[in-house]
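> This one is entry.txt, compact mmCIF, C-alpha atoms.
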# COMPACT_ATOMS: atom_id res chain seq x y z
CA MET X 1 16.03 -16.34 -10.12
CA ASP X 2 14.81 -14.09 -12.91
CA GLN X 3 15.71 -10.44 -12.58
CA LEU X 4 12.85 -8.52 -11.00
CA LYS X 5 11.71 -5.15 -12.29
CA PHE X 6 9.95 -2.54 -10.16
CA GLY X 7 8.21 0.60 -11.35
CA LEU X 8 7.86 3.63 -9.05
CA LEU X 9 4.60 5.43 -9.78
CA GLY X 10 3.44 8.55 -7.95
CA VAL X 11 -0.14 9.73 -7.51
CA PRO X 12 0.31 13.33 -6.35
CA SER X 13 -3.00 13.95 -4.58
CA ALA X 14 -6.20 12.49 -3.24
CA PHE X 15 -8.92 11.42 -5.68
CA THR X 16 -11.79 12.96 -3.79
CA SER X 17 -12.87 16.46 -4.78
CA GLU X 18 -13.98 17.59 -1.30
CA PRO X 19 -11.41 20.16 -0.07
CA GLU X 20 -11.57 18.95 3.53
CA ASN X 21 -10.64 15.42 2.42
CA ARG X 22 -7.83 16.31 0.02
CA MET X 23 -4.15 16.11 0.68
CA GLU X 24 -1.69 17.51 -1.81
CA VAL X 25 1.33 15.24 -2.04
CA SER X 26 4.56 16.07 -3.78
CA CYS X 27 5.67 12.74 -5.19
CA GLY X 28 8.76 14.58 -6.34
CA GLU X 29 9.60 15.16 -2.68
CA ILE X 30 9.58 11.43 -2.01
CA ARG X 31 11.65 10.76 -5.12
CA GLN X 32 14.12 13.43 -3.97
CA ARG X 33 14.42 11.81 -0.56
CA LEU X 34 15.18 8.51 -2.28
CA GLN X 35 17.91 10.20 -4.27
CA ASP X 36 19.31 12.20 -1.36
CA GLN X 37 19.62 9.11 0.80
CA MET X 38 21.16 7.15 -2.10
CA LEU X 39 18.90 4.28 -1.09
CA PHE X 40 19.23 2.32 -4.31
CA THR X 41 22.97 2.69 -4.87
CA ASP X 42 23.81 -0.24 -2.60
CA PHE X 43 21.47 -2.76 -4.23
CA LYS X 44 24.12 -4.35 -6.43
CA GLU X 45 26.76 -4.16 -3.71
CA PHE X 46 24.58 -6.47 -1.62
CA GLY X 47 23.97 -8.83 -4.52
CA TYR X 48 20.51 -7.63 -5.56
CA GLU X 49 19.84 -7.26 -9.26
CA ALA X 50 16.42 -5.65 -9.35
CA VAL X 51 15.74 -3.07 -12.04
CA ILE X 52 14.06 0.04 -10.64
CA LYS X 53 12.44 2.50 -13.03
CA ASN X 54 10.80 5.83 -12.29
CA PHE X 55 7.52 6.28 -14.13
CA ASP X 56 5.91 9.69 -14.55
CA ASP X 57 3.42 10.69 -11.87
CA ILE X 58 -0.25 10.22 -12.71
CA GLU X 59 -1.73 13.48 -13.93
CA HIS X 60 -4.22 14.43 -11.26
CA ASP X 61 -7.58 16.11 -11.71
CA PRO X 62 -9.61 16.11 -8.44
CA SER X 63 -12.72 17.15 -10.33
CA ASN X 64 -12.58 14.20 -12.73
CA GLY X 65 -12.07 10.86 -11.00
CA ILE X 66 -12.89 8.93 -14.18
CA ARG X 67 -10.03 10.57 -16.03
CA VAL X 68 -7.64 9.80 -13.17
CA LEU X 69 -8.79 6.19 -13.19
CA GLU X 70 -8.24 5.92 -16.93
CA ASN X 71 -4.74 7.37 -16.57
CA LEU X 72 -3.95 5.00 -13.71
CA ARG X 73 -5.37 1.99 -15.55
CA SER X 74 -3.35 2.82 -18.66
CA GLN X 75 -0.11 3.26 -16.73
CA LEU X 76 -0.57 0.11 -14.65
CA ALA X 77 -1.39 -1.91 -17.77
CA GLN X 78 1.78 -0.69 -19.46
CA MET X 79 3.89 -1.46 -16.40
CA LEU X 80 2.49 -4.98 -16.12
CA ARG X 81 2.89 -5.68 -19.83
CA ASP X 82 6.53 -4.63 -19.55
CA GLY X 83 7.05 -6.94 -16.58
CA TYR X 84 7.28 -4.30 -13.83
CA ARG X 85 5.86 -4.73 -10.35
CA PRO X 86 4.15 -1.44 -9.45
CA VAL X 87 5.19 0.38 -6.29
CA LEU X 88 2.73 3.25 -5.85
CA PHE X 89 2.92 6.16 -3.44
CA GLY X 90 0.93 9.30 -2.90
CA GLY X 91 -2.11 10.74 -1.23
CA ASP X 92 -5.05 9.32 0.68
CA HIS X 93 -6.17 5.71 0.78
CA THR X 94 -8.54 6.09 -2.17
CA LEU X 95 -5.40 5.39 -4.20
CA THR X 96 -5.78 1.74 -3.16
CA PHE X 97 -9.39 1.58 -4.30
CA TYR X 98 -8.75 3.08 -7.72
CA SER X 99 -5.55 1.15 -8.39
CA PHE X 100 -7.11 -2.11 -7.20
CA MET X 101 -10.09 -1.46 -9.48
CA ALA X 102 -7.77 -0.79 -12.41
CA LEU X 103 -5.75 -3.94 -11.72
CA ASN X 104 -8.91 -6.01 -11.42
CA GLU X 105 -9.86 -4.99 -14.95
CA ILE X 106 -6.40 -5.86 -16.24
CA ILE X 107 -5.83 -9.13 -14.35
CA GLN X 108 -9.07 -10.45 -12.89
CA GLY X 109 -9.22 -12.60 -9.80
CA ARG X 110 -5.52 -13.02 -9.16
CA TYR X 111 -4.96 -10.76 -6.17
CA GLY X 112 -5.65 -10.89 -2.47
CA LEU X 113 -5.31 -7.72 -0.41
CA ILE X 114 -3.27 -7.12 2.75
CA VAL X 115 -3.77 -3.71 4.33
CA ILE X 116 -1.44 -2.48 7.07
CA ASP X 117 -3.35 0.38 8.66
CA GLY X 118 -4.03 2.00 12.01
CA HIS X 119 -7.69 2.31 11.02
CA VAL X 120 -10.22 0.14 9.23
CA ASP X 121 -11.40 2.13 6.21
CA ALA X 122 -14.85 0.57 5.93
CA LYS X 123 -17.17 3.34 7.07
CA PRO X 124 -20.71 3.44 5.63
CA ALA X 125 -21.22 6.12 2.98
CA ASN X 126 -23.67 7.07 0.28
CA ARG X 127 -21.10 6.74 -2.51
CA VAL X 128 -17.83 5.02 -3.29
CA GLY X 129 -14.37 6.56 -3.58
CA LEU X 130 -13.97 8.21 -0.19
CA PRO X 131 -10.81 7.86 1.96
CA GLY X 132 -12.60 6.11 4.83
CA THR X 133 -14.56 3.63 2.68
CA VAL X 134 -11.83 1.82 0.75
CA ILE X 135 -12.40 -1.69 2.11
CA ARG X 136 -16.18 -1.38 1.90
CA ASP X 137 -15.94 -0.11 -1.71
CA ILE X 138 -13.67 -2.97 -2.78
CA VAL X 139 -16.06 -5.51 -1.26
CA GLN X 140 -19.17 -3.78 -2.60
CA LEU X 141 -17.84 -3.81 -6.16
CA LYS X 142 -16.74 -7.44 -5.76
CA LEU X 143 -13.17 -6.64 -6.73
CA VAL X 144 -12.00 -9.38 -4.37
CA LYS X 145 -13.70 -11.83 -2.04
CA PRO X 146 -13.90 -10.60 1.58
CA ARG X 147 -12.02 -13.66 2.84
CA ALA X 148 -9.12 -12.69 0.56
CA ILE X 149 -8.67 -9.41 2.48
CA ALA X 150 -6.59 -9.08 5.64
CA ILE X 151 -6.38 -5.88 7.69
CA CYS X 152 -3.35 -5.80 10.00
CA GLY X 153 -2.54 -3.48 12.89
CA ALA X 154 -5.78 -1.53 13.32
CA ARG X 155 -6.07 0.28 16.64
CA ALA X 156 -9.13 2.49 15.96
CA ILE X 157 -12.25 0.53 15.00
CA PRO X 158 -15.74 2.04 15.48
CA PRO X 159 -18.37 -0.56 16.45
CA ILE X 160 -20.30 -0.14 13.18
CA VAL X 161 -17.12 -0.83 11.20
CA TYR X 162 -16.17 -3.80 13.38
CA SER X 163 -19.62 -5.32 12.86
CA TYR X 164 -19.35 -4.88 9.10
CA VAL X 165 -15.92 -6.54 8.95
CA LYS X 166 -17.11 -9.52 10.97
CA GLU X 167 -20.35 -9.81 9.00
CA LYS X 168 -18.48 -9.93 5.67
CA GLY X 169 -15.83 -12.35 6.88
CA ILE X 170 -12.90 -9.99 6.32
CA ASN X 171 -9.78 -11.09 8.18
CA LEU X 172 -8.92 -8.60 10.93
CA PHE X 173 -5.79 -8.60 13.07
CA VAL X 174 -5.85 -5.74 15.56
CA HIS X 175 -2.73 -3.95 16.73
CA SER X 176 -1.97 -6.26 19.65
CA GLU X 177 -2.37 -9.40 17.52
CA ILE X 178 0.44 -8.62 15.12
CA PHE X 179 2.87 -9.12 18.00
CA ASP X 180 1.58 -12.64 18.69
CA ALA X 181 3.98 -15.49 17.93
CA GLU X 182 1.35 -17.15 15.71
CA PHE X 183 0.37 -14.01 13.78
CA LEU X 184 2.15 -14.84 10.52
CA THR X 185 0.97 -18.45 10.63
CA ASN X 186 -2.61 -17.27 11.14
CA LEU X 187 -2.31 -14.68 8.37
CA LYS X 188 -1.02 -17.31 5.94
CA ARG X 189 -3.82 -19.69 6.86
CA CYS X 190 -6.47 -17.01 6.33
CA LEU X 191 -5.14 -16.24 2.85
CA ASN X 192 -4.25 -19.79 1.83
CA GLU X 193 -6.37 -19.57 -1.34
CA VAL X 194 -4.62 -16.43 -2.58
CA GLU X 195 -1.76 -16.76 -5.06
CA GLN X 196 -0.59 -13.13 -5.27
CA ILE X 197 -0.89 -10.14 -2.99
CA TYR X 198 -1.58 -6.45 -3.31
CA LEU X 199 0.04 -4.89 -0.22
CA SER X 200 -1.24 -1.51 0.96
CA ILE X 201 0.62 0.38 3.70
CA ASP X 202 -1.05 3.33 5.39
CA ILE X 203 1.60 5.48 7.06
CA ASP X 204 -0.67 6.15 10.03
CA ILE X 205 0.08 2.58 11.17
CA LEU X 206 3.14 4.27 12.69
CA ASP X 207 3.14 6.14 15.97
CA PRO X 208 3.06 9.91 15.27
CA ALA X 209 6.48 10.20 16.92
CA PHE X 210 7.89 8.43 13.86
CA ALA X 211 5.51 9.77 11.20
CA PRO X 212 3.84 13.07 12.14
CA GLY X 213 2.98 13.88 8.52
CA VAL X 214 -0.44 12.18 8.44
CA LEU X 215 -3.98 13.51 8.68
CA HIS X 216 -5.08 11.21 11.49
CA ARG X 217 -2.46 11.01 14.22
CA LEU X 218 -3.19 8.25 16.68
CA PRO X 219 -0.75 7.47 19.54
CA GLY X 220 0.27 3.90 20.23
CA GLY X 221 1.31 2.91 16.73
CA LEU X 222 4.25 0.89 15.47
CA THR X 223 7.83 2.07 15.46
CA THR X 224 9.55 2.38 12.10
CA ARG X 225 11.61 -0.73 12.85
CA GLU X 226 8.50 -2.74 13.75
CA LEU X 227 6.81 -1.73 10.50
CA LEU X 228 9.84 -2.63 8.40
CA THR X 229 10.06 -6.00 10.15
CA LEU X 230 6.37 -6.64 9.48
CA VAL X 231 6.73 -5.76 5.79
CA ARG X 232 9.75 -8.03 5.41
CA SER X 233 7.89 -10.91 7.03
CA ILE X 234 4.83 -10.50 4.80
CA CYS X 235 6.98 -10.32 1.67
CA THR X 236 8.80 -13.49 2.72
CA ILE X 237 5.58 -15.47 3.04
CA PHE X 238 3.50 -14.00 0.20
CA ASP X 239 4.12 -13.25 -3.46
CA VAL X 240 3.66 -9.47 -3.36
CA GLN X 241 3.09 -8.21 -6.90
CA VAL X 242 1.87 -4.69 -6.18
CA CYS X 243 2.43 -2.33 -3.26
CA ASP X 244 1.18 1.11 -2.36
CA ILE X 245 2.20 3.50 0.41
CA VAL X 246 -0.46 6.07 1.25
CA GLU X 247 -1.67 8.85 3.57
CA PHE X 248 1.52 10.92 3.60
CA CYS X 249 0.61 14.59 4.12
CA PRO X 250 3.68 16.87 3.64
CA ALA X 251 1.89 19.92 5.05
CA LEU X 252 1.80 18.24 8.47
CA ASP X 253 5.29 16.78 8.37
CA ILE X 254 8.01 17.91 10.78
CA GLY X 255 11.56 18.23 9.51
CA GLN X 256 10.83 15.85 6.60
CA LEU X 257 10.70 13.01 9.11
CA THR X 258 7.73 11.30 7.46
CA ALA X 259 9.11 11.88 3.96
CA ASP X 260 12.28 10.07 5.01
CA VAL X 261 10.23 7.21 6.44
CA VAL X 262 8.19 6.89 3.23
CA ALA X 263 11.36 6.87 1.13
CA ARG X 264 12.92 4.23 3.36
CA LEU X 265 9.74 2.18 3.21
CA VAL X 266 9.76 2.26 -0.60
CA TYR X 267 13.33 0.98 -0.59
CA GLU X 268 12.80 -1.64 2.11
CA THR X 269 9.63 -2.97 0.47
CA ILE X 270 11.40 -3.50 -2.85
CA TRP X 271 14.28 -5.20 -1.03
CA ALA X 272 11.83 -7.38 0.91
CA ILE X 273 9.93 -8.45 -2.22
CA GLU X 274 13.11 -9.43 -4.04
CA ASN X 275 14.51 -11.20 -0.99
CA GLY X 276 11.17 -12.93 -0.41
CA ASP X 277 11.05 -14.22 -3.98
CA ALA X 278 14.55 -15.65 -3.59
CA THR X 279 13.65 -17.26 -0.25
CA ARG X 280 10.51 -18.99 -1.58
CA GLN X 281 12.33 -20.51 -4.59
I need this file expressed as structure tokens, please.


Amino acid sequence: MDQLKFGLLGVPSAFTSEPENRMEVSCGEIRQRLQDQMLFTDFKEFGYEAVIKNFDDIEHDPSNGIRVLENLRSQLAQMLRDGYRPVLFGGDHTLTFYSFMALNEIIQGRYGLIVIDGHVDAKPANRVGLPGTVIRDIVQLKLVKPRAIAICGARAIPPIVYSYVKEKGINLFVHSEIFDAEFLTNLKRCLNEVEQIYLSIDIDILDPAFAPGVLHRLPGGLTTRELLTLVRSICTIFDVQVCDIVEFCPALDIGQLTADVVARLVYETIWAIENGDATRQ
């Protein structure tokens, strides 16, 4: 198997300019937790040869989304040209919309989208680029076909959003369904036309007991172990080329619990992608 290369790229804040919707994220804090826990020092000891490179955080300007998009597009293009698989982390879920839009301009039509999220971010709005409209924006701009999108683990779905998802033919697996024995088989069947996957992980998929540092705490979520198991399973079945981890809000964290979870998730996702590639070969 060819040596895989992963690039860690931080987006330190939300893209939206509305103060009530912004979350300031210290990507340096996540990087520090990775270093403090020495999460990557055991890669070679366990026989993994992945190259992991830290890229500079995207310079953020909440008043100029176009500039942020240009910076993100430029950085992603460079990473892909150099053979790195992007692993993005940062603020609210608009990160997924902007990065997916940038990737679509670089490599058109190659990606399906799997979103692990406690909510379905497809609310109606009068403009694109809001945290709660990510799925709707991606569909509206035809960045990917609705049937190439799968939302997994949602446990808060307003009727208007549920109707939209069903109308568009987006694949939806609610929280209880991801524990079904046939879940992974059904997920693979739904995305059987997709060659490569963009995986987006919203931290609020977790129960607040495990990740209190999120804006929208909703009891009844996954445990950390359940989420890691889910990510490993997805990466075993699908060719995950890009991953983002979003919605971490340090101001609401307790004892750096969520920061530690995000750091562990970065590590485990990279491990799962490399292990999945080896398994499929």

> Could you check how far CA of Val242 in chain X sits from CA of Ala77 in chain X, in Å to one decimal?

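These two atoms are separated by 12.4 Å.
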
> Would you list the contacts of range 139-146 of chain X as a PyMOL selection string, taking every protein, DNA or RNA residue within 7 Å and counting all atoms listed in the file, but skipping same-chain residues closer than 5 positions in sequence?

chain X and resi 101+104+109+112+168-170

> Tell me which protein, DNA and RNA residues are within 12 Å of Pro159 in chain X, counting only C-alpha atoms, leaving out same-chain ones fewer than 6 positions away, and put them as a PDB file with C-alpha atoms, in the coordinates of the input.


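Everything below was put into out11.pdb:
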ATOM      1  CA  VAL X 120     -10.220   0.140   9.230  1.00  0.00           C
ATOM      2  CA  ALA X 122     -14.850   0.570   5.930  1.00  0.00           C
ATOM      3  CA  LYS X 123     -17.170   3.340   7.070  1.00  0.00           C
ATOM      4  CA  PRO X 124     -20.710   3.440   5.630  1.00  0.00           C
ATOM      5  CA  VAL X 165     -15.920  -6.540   8.950  1.00  0.00           C
ATOM      6  CA  LYS X 166     -17.110  -9.520  10.970  1.00  0.00           C
TER       7      LYS X 166
END

> Distance CA of His119 in chain X-CA of Arg155 in chain X, one decimal place?

6.2 Å

> Compare X:Phe183, X:Asn192, X:Val51, X:Gly118 by their minimum atom-to-atom distance to Pro219 in chain X, counting all atoms listed in the file, and give me the closest one.

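Smallest distance to Pro219 in chain X is found for X:Gly118.
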
> What does the structure give for the distance between CA of Val87 in chain X and CA of Tyr164 in chain X, in Å to one decimal?

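If I compute the distance from CA of Val87 in chain X to CA of Tyr164 in chain X, I get 29.4 Å.
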
> So which residues are close to (-4.2, -7.2, 16.1), meaning at most 12 Å away in the file's coordinates with all atoms listed in the file counted, and can you show them as a PyMOL selection string?

chain X and resi 116-120+150-157+171-184+186-187+205+221-222

> Export range 175-195 of chain X from the structure block above, keeping C-alpha atoms, as a PDB file, in the first residue's frame.


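Writing done, so here's result_37.pdb:
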ATOM      1  CA  HIS X 175     -30.162   8.118  15.823  1.00  0.00           C
ATOM      2  CA  SER X 176     -31.855   4.787  16.543  1.00  0.00           C
ATOM      3  CA  GLU X 177     -31.121   3.433  13.055  1.00  0.00           C
ATOM      4  CA  ILE X 178     -27.352   3.595  13.353  1.00  0.00           C
ATOM      5  CA  PHE X 179     -27.570   0.835  15.965  1.00  0.00           C
ATOM      6  CA  ASP X 180     -29.423  -1.501  13.582  1.00  0.00           C
ATOM      7  CA  ALA X 181     -27.516  -4.578  12.431  1.00  0.00           C
ATOM      8  CA  GLU X 182     -28.150  -3.643   8.782  1.00  0.00           C
ATOM      9  CA  PHE X 183     -27.185   0.032   9.098  1.00  0.00           C
ATOM     10  CA  LEU X 184     -23.795  -0.187   7.373  1.00  0.00           C
ATOM     11  CA  THR X 185     -25.194  -2.411   4.621  1.00  0.00           C
ATOM     12  CA  ASN X 186     -27.996   0.076   4.017  1.00  0.00           C
ATOM     13  CA  LEU X 187     -25.595   3.028   4.057  1.00  0.00           C
ATOM     14  CA  LYS X 188     -23.356   1.344   1.490  1.00  0.00           C
ATOM     15  CA  ARG X 189     -26.323   0.550  -0.731  1.00  0.00           C
ATOM     16  CA  CYS X 190     -27.562   4.138  -0.606  1.00  0.00           C
ATOM     17  CA  LEU X 191     -24.157   5.464  -1.681  1.00  0.00           C
ATOM     18  CA  ASN X 192     -23.273   2.708  -4.135  1.00  0.00           C
ATOM     19  CA  GLU X 193     -22.669   5.211  -6.957  1.00  0.00           C
ATOM     20  CA  VAL X 194     -20.163   7.237  -4.939  1.00  0.00           C
ATOM     21  CA  GLU X 195     -16.447   6.548  -5.369  1.00  0.00           C
TER      22      GLU X 195
END
